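Visitor: Starting off with a structure, shown below.
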Amino acid sequence: MATVKVKGFSVIRDVLGASLVEVEVGPPETVKGTLDALLRTYGEPLRKVLVDPATGEMTPFLLVLNGEAISSTLDTDRPVKTGDEITLIFPIGGG
Amino acid sequence: MTNGFKYGGYKGQLLRVNLTKKGVTKEPLREDWARDFVGGVGYSARLLYEEIPAKIDALGPQNTLFFMTGPVNGTMIPAASRSTACAKSPLTGSFFHSIFGGFWGPELKFAGYDGLIVEGKADKPVYLWIDDDRVEIRSAEHLWGKNPFKAQEIIRQEIGDENIHIATIGEAGEKGIPYAIILLDIRAAGRGGMGAVMGSKNLKAIAVRGTGTVSVPNMLRVYNTTVRLNELVATNPAVKGLSDYGTPRNVLSMNAAGILPTRNWQTEVFKGAEGISGETMKEQVVKAHRACFACSINCTKYSVVPGGKYKSIINGPDYETIYGFGSICEVDDIKALCKVDEVCDEYGIDLIQASMSVAWAMECYQKGIFTKADTGGLDLTWGNADAMIHLTEMIGKQQGLGALLAKGTREAAKIIGKGSERFVISNKGVDWPGHTCRPFPGAAVGYATGPRGGSHHDIRPTPEKAGLVDRKVLEGKGGMAAEVNHWLMLADSAVVCHLGEPIWGPMKISDNLVEALNAVTGWELDYAQARKIAERQWNMIRCFAAREGFTRNEDTLPIRFMEEPVPEGPMKGALISKETLEGLKDQYYEYRGWDKKTGNPSKAKLAELGLEFAAKDVC
């Protein structure tokens with residue numbers, strides 16, 4: 001079990017209730033494990049922000065793990081440990 | 001269908017106004033061009049290829065300004081508010097399509113026209129009054145010199161109708177600043193200098209009142225399609241946040257990811273991002289939300305700074321203001337950004353181009369190329385909000401250093417030299433929007449090859465940014481960019497808003513976009529047919545550019561993106577070297593069936609797309 005810090009902005013921050021929260025992850029102690037833990041903890045409101053109901057899958061987005069940009073779909077097996085920080089980069093479109 | 005036109009969604013008629021001859025005529029929309037090029041940018045490219053002679057002066061009377069809608073405009077299909085203003089651009093020297101939302105486009109259709117062709121030049125300032133069938137060319141001498149909003153107010157009083165929709169230019173358009181905009185009520189056709197083309201014709205405004213409707217072949221099908229698409233808009237995660245925060249919803253996310261362009265792209269991390277974020281904006285200045293015609297996204301914010309030196313009332317700021325005048329100039333005060341946004345609208349200048357001009361000047365000041373003797377005493381230190389606003393006003397007035405910056409950064413750097421070319425963040429004369437490509441090779445080749453240069457609407461960084469594909473892989477990115485080109489092109493021909501990106505794209509033309517077109521027109525296009533239309537449109541625009549003398553040499557990136565890696569943050573080290581770019585371009589041309597040496601369409605490709613007529617100009 002790892003305690004991972006998670007940061008989010010705009011509508012994600014609105015759901016998390018703060019710009020930085022901590023979640024208990026694992027097993028598995030991975031990026032995917034972190035995202036699953038977040039969805040378990042924050043339930044339907046977060047699911048509405050991250051999961052595309054048309055596909056039932058999480059919409060792909062960028063993550064920053066300890067200062068490194070990674071992908072929510074391509075890097076799901078990356079390990080995490082206590083003290084790590086993951087930033088959810090909201091699915092980006094428009095502008 | 002309307003006027004006996006074969007396909008649904010169209011009015012079947014174009015309005016043509018010749019300002020030299022003071023002539024107004026109505027002509028049928030060509031059915032073959034509608035089927036082959038749809039509307040919006042596609043139809044415009046075909047018509048203007050026919051009507052604008054090669055190598056003419058973009059600000060001369062031979063240029064033609066063409067406002068065009070698409071078949072879905074005026075229906076209930078979501079995000080179908082947009083229309084195009086196209087002409088030869090004074091900024092790029094080639095075909096340009098500037099796209100705008102709001103209500104003006106649908107209103108033109110309700111008045112009975114799919115598009116408006118403006119040619120020639122009036123001998124004195126005029127405005128057009130289109131009242132359904134009745135079209136008048138009216139004097140605008142009393143409006144000349146007025147800011148766009150004031151001109152709109154006077155016209156509404158003259159017509160006696162508060163609900164008409166009006167396209168106007170400001171002082172920048174009147175004076176031919178090559179990045180002057182057209183303001184359509186509160187929305188802008190912002191890029192490529194379409195306002196300057198309008199001003200060169202002595203055309204101050206176009207007011208429209210339409211009382212008609214748009215017919216479709218199967219109302220129930222359009223209704224059901226609309227219900228389904230609106231559900232996607234309401235629930236898709238990538239659209240969320242636009243109602244609450246507008247396009248600046250992503251400022252802090254982008255900064256955390258190390259892709260918020262800062263200090264004229266010297267870096268992509270901004271320490272002051274919190275002060276200009278969507279969250280701060282919502283808390284401090286946003287008073288209400290506004291939506292365009294038939295749009296459930298609701299992204300426009302109505303913001304008020306009630307007092308103080310930044311007192312202002314604007315629709316915005318949108319992300320591009322926050323990027324251009326905020327992080328790019330290192331200004332961290334949202335209220336200052338509201339003020340400078342208002343200044344840009346009042347003069348009628350493209351705020352991306354204006355902000356990049358200010359940033360270019362700030363970097364010249366930082367590097368000692370400019371001193372206070374050059375700036376009229378302004379201290380152009382990064383982050384000086386007051387100087388930034390003042391210099392933007394000087395651009396609008398073409399005063400002092402502002403007169404140089406009003407030419408655009410590419411031209412300004414040619415005049416100043418001394419290495420300032422390295423600070424120009426531009427392609428084909430069009431300065432960069434706030435979406436990086438240094439970490440994203442697919443986006444990089446899309447920007448480089450895009451007909452509008454620095455436009456994030458010829459390519460999107462989304463597939464690589466969101467992780468739909470591996471951003472670090474080069475292989476296949478030429479083809480990926482071409483397919484992103486295609487959905488954007490078809491969307492701009494239908495015409496629907498790119499903020500519906502996850503629904504209309506984002507990797508290629510989606511079934512949703514094809515279904516929206518089919519439901520409205522009665523066509524039964526499959527994906528391959530829709531893709532072929534988009535490919536034809538893209539090639540048509542490339543032919544226009546080739547006829548003007550463009551080759552692969554014009555398909556490039558700013559020097560900074562090719563030689564200066566991102567210095568910090570999660571994307572540290574990201575760069576698209578010249579060698580990498582040339583390899584990506586080869587991939588792209590090959591995928592498109594273009595000649596790799598010239599970068600232009602081959603005879604075989606033109607024949608395949610039914611564009612043989614252009615071969616004599618291109619091959």
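Please note that chains go A, B, ... in the order of the structure tokens, that every chain numbers its residues from 1, and that ligands are numbered from 1 in the order shown.
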Write down, as a PyMOL selection string, each residue of chain B that has any atom within 8 Å of an atom of chain A, counting only C-alpha atoms.

Guide: chain B and resi 232+235-241+245+247-250+252-254+256-257+278-279+318-320+462+465-468+470+498-502+569-571

Visitor: I'd like the contact shell of Val305 of chain B - 8 Å cut-off, only C-alpha atoms, skipping same-chain residues fewer than 4 positions apart - returned as a PyMOL selection string.

Guide: chain B and resi 285+310-313+335+338

Visitor: To one decimal place in Å, what is the distance between atom CA of Gly383 of chain B and atom CA of Val340 of chain B?

Guide: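 These two atoms are separated by 13.5 Å.
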
Visitor: Atom CA of Arg471 of chain B and atom CA of Phe440 of chain B, how far apart in Å?

Guide: 5.6 Å

Visitor: If you count only C-alpha atoms, which residues fall within 10 Å of Ile369 of chain B, apart from same-chain ones fewer than 2 positions away, as a ChimeraX atom specification?

Guide: /B:361-367,371,374,416-420

Visitor: Print the selection's residues with C-alpha atoms to a file, as an mmCIF file, in the first residue's frame.

Guide:
```cif
data_model
loop_
_atom_site.group_PDB
_atom_site.id
_atom_site.type_symbol
_atom_site.label_atom_id
_atom_site.label_comp_id
_atom_site.auth_asym_id
_atom_site.auth_seq_id
_atom_site.Cartn_x
_atom_site.Cartn_y
_atom_site.Cartn_z
ATOM 1 C CA ALA B 361 9.290 43.759 -28.556
ATOM 2 C CA MET B 362 9.743 42.762 -24.907
ATOM 3 C CA GLU B 363 12.342 40.210 -25.885
ATOM 4 C CA CYS B 364 14.122 42.795 -28.055
ATOM 5 C CA TYR B 365 14.147 44.992 -24.948
ATOM 6 C CA GLN B 366 15.407 42.169 -22.745
ATOM 7 C CA LYS B 367 18.244 41.409 -25.172
ATOM 8 C CA THR B 371 16.120 50.671 -25.481
ATOM 9 C CA ASP B 374 13.083 52.904 -29.323
ATOM 10 C CA ILE B 416 15.116 45.502 -37.243
ATOM 11 C CA GLY B 417 17.383 42.485 -37.826
ATOM 12 C CA LYS B 418 20.150 42.121 -35.180
ATOM 13 C CA GLY B 419 19.087 38.566 -34.443
ATOM 14 C CA SER B 420 15.498 39.513 -33.605
#
```

Visitor: Could you state the separation of atom CA of Glu464 of chain B and atom CA of Lys271 of chain B in Å, given to one decimal place?

Guide: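 Atom-to-atom, atom CA of Glu464 of chain B to atom CA of Lys271 of chain B, that is 24.8 Å.
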
Visitor: Assign secondary structure with DSSP using the backbone only, and return the residues of chain A in alpha helix (DSSP H) as number ranges by chain.

Guide: A: 10-16, 31-50

Visitor: Keeping C-alpha atoms, export the residues of the selection given above as a short mmCIF file (atom, residue, chain, number, x, y, z; two decimals), in the first residue's frame.

Guide:
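And here is the file that came out, selection-v3.cif:
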```cif
data_model
loop_
_atom_site.label_atom_id
_atom_site.label_comp_id
_atom_site.auth_asym_id
_atom_site.auth_seq_id
_atom_site.Cartn_x
_atom_site.Cartn_y
_atom_site.Cartn_z
CA SER A 10 -10.68 23.25 -12.51
CA VAL A 11 -13.48 20.66 -12.60
CA ILE A 12 -11.22 17.96 -11.14
CA ARG A 13 -10.32 20.22 -8.25
CA ASP A 14 -14.02 20.95 -7.80
CA VAL A 15 -14.67 17.22 -7.34
CA LEU A 16 -11.65 16.52 -5.15
CA VAL A 31 -0.51 4.58 -11.99
CA LYS A 32 -3.57 2.52 -12.83
CA GLY A 33 -3.93 1.60 -9.19
CA THR A 34 -3.88 5.29 -8.33
CA LEU A 35 -6.58 6.14 -10.84
CA ASP A 36 -8.72 3.23 -9.64
CA ALA A 37 -8.29 4.35 -6.03
CA LEU A 38 -9.35 7.86 -6.96
CA LEU A 39 -12.49 6.60 -8.69
CA ARG A 40 -13.31 4.43 -5.67
CA THR A 41 -12.80 7.30 -3.26
CA TYR A 42 -14.57 10.05 -5.18
CA GLY A 43 -17.19 7.89 -6.90
CA GLU A 44 -19.70 9.10 -9.42
CA PRO A 45 -18.77 12.80 -9.44
CA LEU A 46 -15.19 11.96 -10.50
CA ARG A 47 -16.39 9.26 -12.86
CA LYS A 48 -18.47 11.90 -14.63
CA VAL A 49 -15.39 14.05 -15.11
CA LEU A 50 -13.00 11.33 -16.25
#
```

Visitor: Which is closest to Met388 of chain B among B:Pro441, B:Gly478, B:Pro558, B:Gly326, if we use only C-alpha atoms?

Guide: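 Among the listed residues, the smallest separation from Met388 of chain B belongs to B:Gly326.
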
Visitor: When you look at segment 96-98 of chain B with a cut-off of 9 Å (counting only C-alpha atoms), what residues show up, excluding the ones that are within fewer than 2 positions of it in the same chain? I need them as a PyMOL selection string.

Guide: chain B and resi 40-41+44-45+83-89+92-94+100+188-194+451-452+541

Visitor: Neighbouring residues of Leu581 of chain B were defined as those with any atom within 12 Å, considering only C-alpha atoms; residues of the same chain fewer than 3 positions away were excluded. Please report them as a ChimeraX atom specification.

Guide: /B:437-438,440-449,474,477-478,552-553,555-559,561-563,575-578,584-588

Visitor: Would you put the residues from that selection into a file with N, CA and C atoms, as an mmCIF file, in the first residue's frame?

Guide:
```cif
data_model
loop_
_atom_site.group_PDB
_atom_site.id
_atom_site.type_symbol
_atom_site.label_atom_id
_atom_site.label_comp_id
_atom_site.auth_asym_id
_atom_site.auth_seq_id
_atom_site.Cartn_x
_atom_site.Cartn_y
_atom_site.Cartn_z
ATOM 1 N N CYS B 437 4.211 22.651 -29.707
ATOM 2 C CA CYS B 437 4.462 21.451 -30.511
ATOM 3 C C CYS B 437 5.865 20.909 -30.256
ATOM 4 N N ARG B 438 6.639 21.561 -29.410
ATOM 5 C CA ARG B 438 7.998 21.044 -29.189
ATOM 6 C C ARG B 438 8.005 19.603 -28.682
ATOM 7 N N PHE B 440 5.576 17.487 -29.344
ATOM 8 C CA PHE B 440 4.562 16.753 -30.101
ATOM 9 C C PHE B 440 4.867 16.783 -31.610
ATOM 10 N N PRO B 441 5.570 15.785 -32.131
ATOM 11 C CA PRO B 441 5.986 15.832 -33.531
ATOM 12 C C PRO B 441 4.835 15.853 -34.533
ATOM 13 N N GLY B 442 3.733 15.182 -34.216
ATOM 14 C CA GLY B 442 2.594 15.204 -35.131
ATOM 15 C C GLY B 442 2.024 16.612 -35.243
ATOM 16 N N ALA B 443 1.913 17.264 -34.107
ATOM 17 C CA ALA B 443 1.439 18.651 -34.127
ATOM 18 C C ALA B 443 2.441 19.538 -34.853
ATOM 19 N N ALA B 444 3.720 19.261 -34.675
ATOM 20 C CA ALA B 444 4.751 20.086 -35.297
ATOM 21 C C ALA B 444 4.641 20.058 -36.818
ATOM 22 N N VAL B 445 4.496 18.856 -37.382
ATOM 23 C CA VAL B 445 4.406 18.786 -38.842
ATOM 24 C C VAL B 445 3.078 19.367 -39.319
ATOM 25 N N GLY B 446 2.056 19.268 -38.489
ATOM 26 C CA GLY B 446 0.775 19.872 -38.841
ATOM 27 C C GLY B 446 0.851 21.388 -38.867
ATOM 28 N N TYR B 447 1.497 21.958 -37.862
ATOM 29 C CA TYR B 447 1.692 23.414 -37.864
ATOM 30 C C TYR B 447 2.523 23.834 -39.081
ATOM 31 N N ALA B 448 3.615 23.109 -39.334
ATOM 32 C CA ALA B 448 4.535 23.510 -40.403
ATOM 33 C C ALA B 448 3.850 23.485 -41.762
ATOM 34 N N THR B 449 3.062 22.447 -42.005
ATOM 35 C CA THR B 449 2.453 22.295 -43.328
ATOM 36 C C THR B 449 1.101 22.989 -43.439
ATOM 37 N N LEU B 474 8.060 9.069 -33.808
ATOM 38 C CA LEU B 474 7.968 9.891 -35.017
ATOM 39 C C LEU B 474 7.191 9.177 -36.126
ATOM 40 N N LYS B 477 3.466 9.878 -37.806
ATOM 41 C CA LYS B 477 2.918 11.180 -37.406
ATOM 42 C C LYS B 477 2.535 12.056 -38.600
ATOM 43 N N GLY B 478 3.176 11.832 -39.751
ATOM 44 C CA GLY B 478 2.759 12.574 -40.951
ATOM 45 C C GLY B 478 1.330 12.215 -41.322
ATOM 46 N N ARG B 552 7.593 23.602 -50.300
ATOM 47 C CA ARG B 552 7.899 23.016 -48.998
ATOM 48 C C ARG B 552 8.778 23.935 -48.156
ATOM 49 N N ASN B 553 9.446 24.867 -48.795
ATOM 50 C CA ASN B 553 10.299 25.794 -48.031
ATOM 51 C C ASN B 553 9.493 26.640 -47.045
ATOM 52 N N ASP B 555 6.992 25.555 -45.430
ATOM 53 C CA ASP B 555 6.482 24.667 -44.380
ATOM 54 C C ASP B 555 7.548 24.524 -43.296
ATOM 55 N N THR B 556 7.508 25.406 -42.360
ATOM 56 C CA THR B 556 8.582 25.412 -41.369
ATOM 57 C C THR B 556 8.051 25.754 -39.981
ATOM 58 N N LEU B 557 8.969 25.807 -39.037
ATOM 59 C CA LEU B 557 8.639 26.153 -37.657
ATOM 60 C C LEU B 557 9.490 27.345 -37.228
ATOM 61 N N PRO B 558 9.106 28.005 -36.168
ATOM 62 C CA PRO B 558 9.957 29.079 -35.632
ATOM 63 C C PRO B 558 11.352 28.531 -35.284
ATOM 64 N N ILE B 559 12.356 29.358 -35.482
ATOM 65 C CA ILE B 559 13.741 28.945 -35.186
ATOM 66 C C ILE B 559 13.831 28.412 -33.763
ATOM 67 N N PHE B 561 11.755 26.845 -31.903
ATOM 68 C CA PHE B 561 11.238 25.481 -31.707
ATOM 69 C C PHE B 561 12.216 24.428 -32.248
ATOM 70 N N MET B 562 13.049 24.856 -33.201
ATOM 71 C CA MET B 562 13.971 23.899 -33.833
ATOM 72 C C MET B 562 15.351 23.908 -33.179
ATOM 73 N N GLU B 563 15.638 24.979 -32.436
ATOM 74 C CA GLU B 563 17.005 25.095 -31.911
ATOM 75 C C GLU B 563 17.099 25.263 -30.402
ATOM 76 N N LEU B 575 12.151 19.303 -28.224
ATOM 77 C CA LEU B 575 12.620 20.105 -29.356
ATOM 78 C C LEU B 575 12.234 19.371 -30.641
ATOM 79 N N ILE B 576 11.954 20.116 -31.692
ATOM 80 C CA ILE B 576 11.784 19.513 -33.020
ATOM 81 C C ILE B 576 12.916 20.066 -33.881
ATOM 82 N N SER B 577 13.965 19.304 -34.034
ATOM 83 C CA SER B 577 15.106 19.826 -34.793
ATOM 84 C C SER B 577 14.722 19.979 -36.263
ATOM 85 N N LYS B 578 15.510 20.753 -36.965
ATOM 86 C CA LYS B 578 15.276 20.962 -38.397
ATOM 87 C C LYS B 578 15.282 19.611 -39.126
ATOM 88 N N LEU B 584 9.685 14.521 -40.952
ATOM 89 C CA LEU B 584 8.232 14.492 -40.747
ATOM 90 C C LEU B 584 7.499 15.037 -41.974
ATOM 91 N N LYS B 585 8.063 16.067 -42.577
ATOM 92 C CA LYS B 585 7.446 16.643 -43.781
ATOM 93 C C LYS B 585 7.443 15.611 -44.916
ATOM 94 N N ASP B 586 8.543 14.903 -45.070
ATOM 95 C CA ASP B 586 8.588 13.851 -46.097
ATOM 96 C C ASP B 586 7.474 12.832 -45.873
ATOM 97 N N GLN B 587 7.339 12.429 -44.603
ATOM 98 C CA GLN B 587 6.261 11.495 -44.250
ATOM 99 C C GLN B 587 4.903 12.045 -44.661
ATOM 100 N N TYR B 588 4.703 13.304 -44.325
ATOM 101 C CA TYR B 588 3.409 13.957 -44.571
ATOM 102 C C TYR B 588 3.123 14.046 -46.072
#
```

Visitor: Quick one: pick out all strand (DSSP E or B) residues within segment 235-429 of chain B from a backbone DSSP run and write them as a list in words.

Guide: Thr262, Thr267, Val286, Lys287, Ala288, His289, Arg290, Thr300, Lys301, Tyr302, Ser303, Val304, Val305, Ser312, Ile313, Ile314, Asn315, Ile349, Ser426 and Asn427 of chain B

Visitor: Need to verify the contact set: segment 207-215 of chain B, 10 Å, only C-alpha atoms, exclusion of same-chain residues closer than 2 positions in sequence. Can you return it as a PyMOL selection string?

Guide: chain B and resi 1-2+7-11+71-75+104-113+127-136+152+155-156+159+161+163-168+184-185+205+217-219+520-521

Visitor: With a distance cut-off of 8 Å and only C-alpha atoms, select the neighbouring residues of Ala491 of chain B, excluding the residue or stretch itself and same-chain residues fewer than 6 positions from it, and output the selection as a count of residues only.

Guide: 4
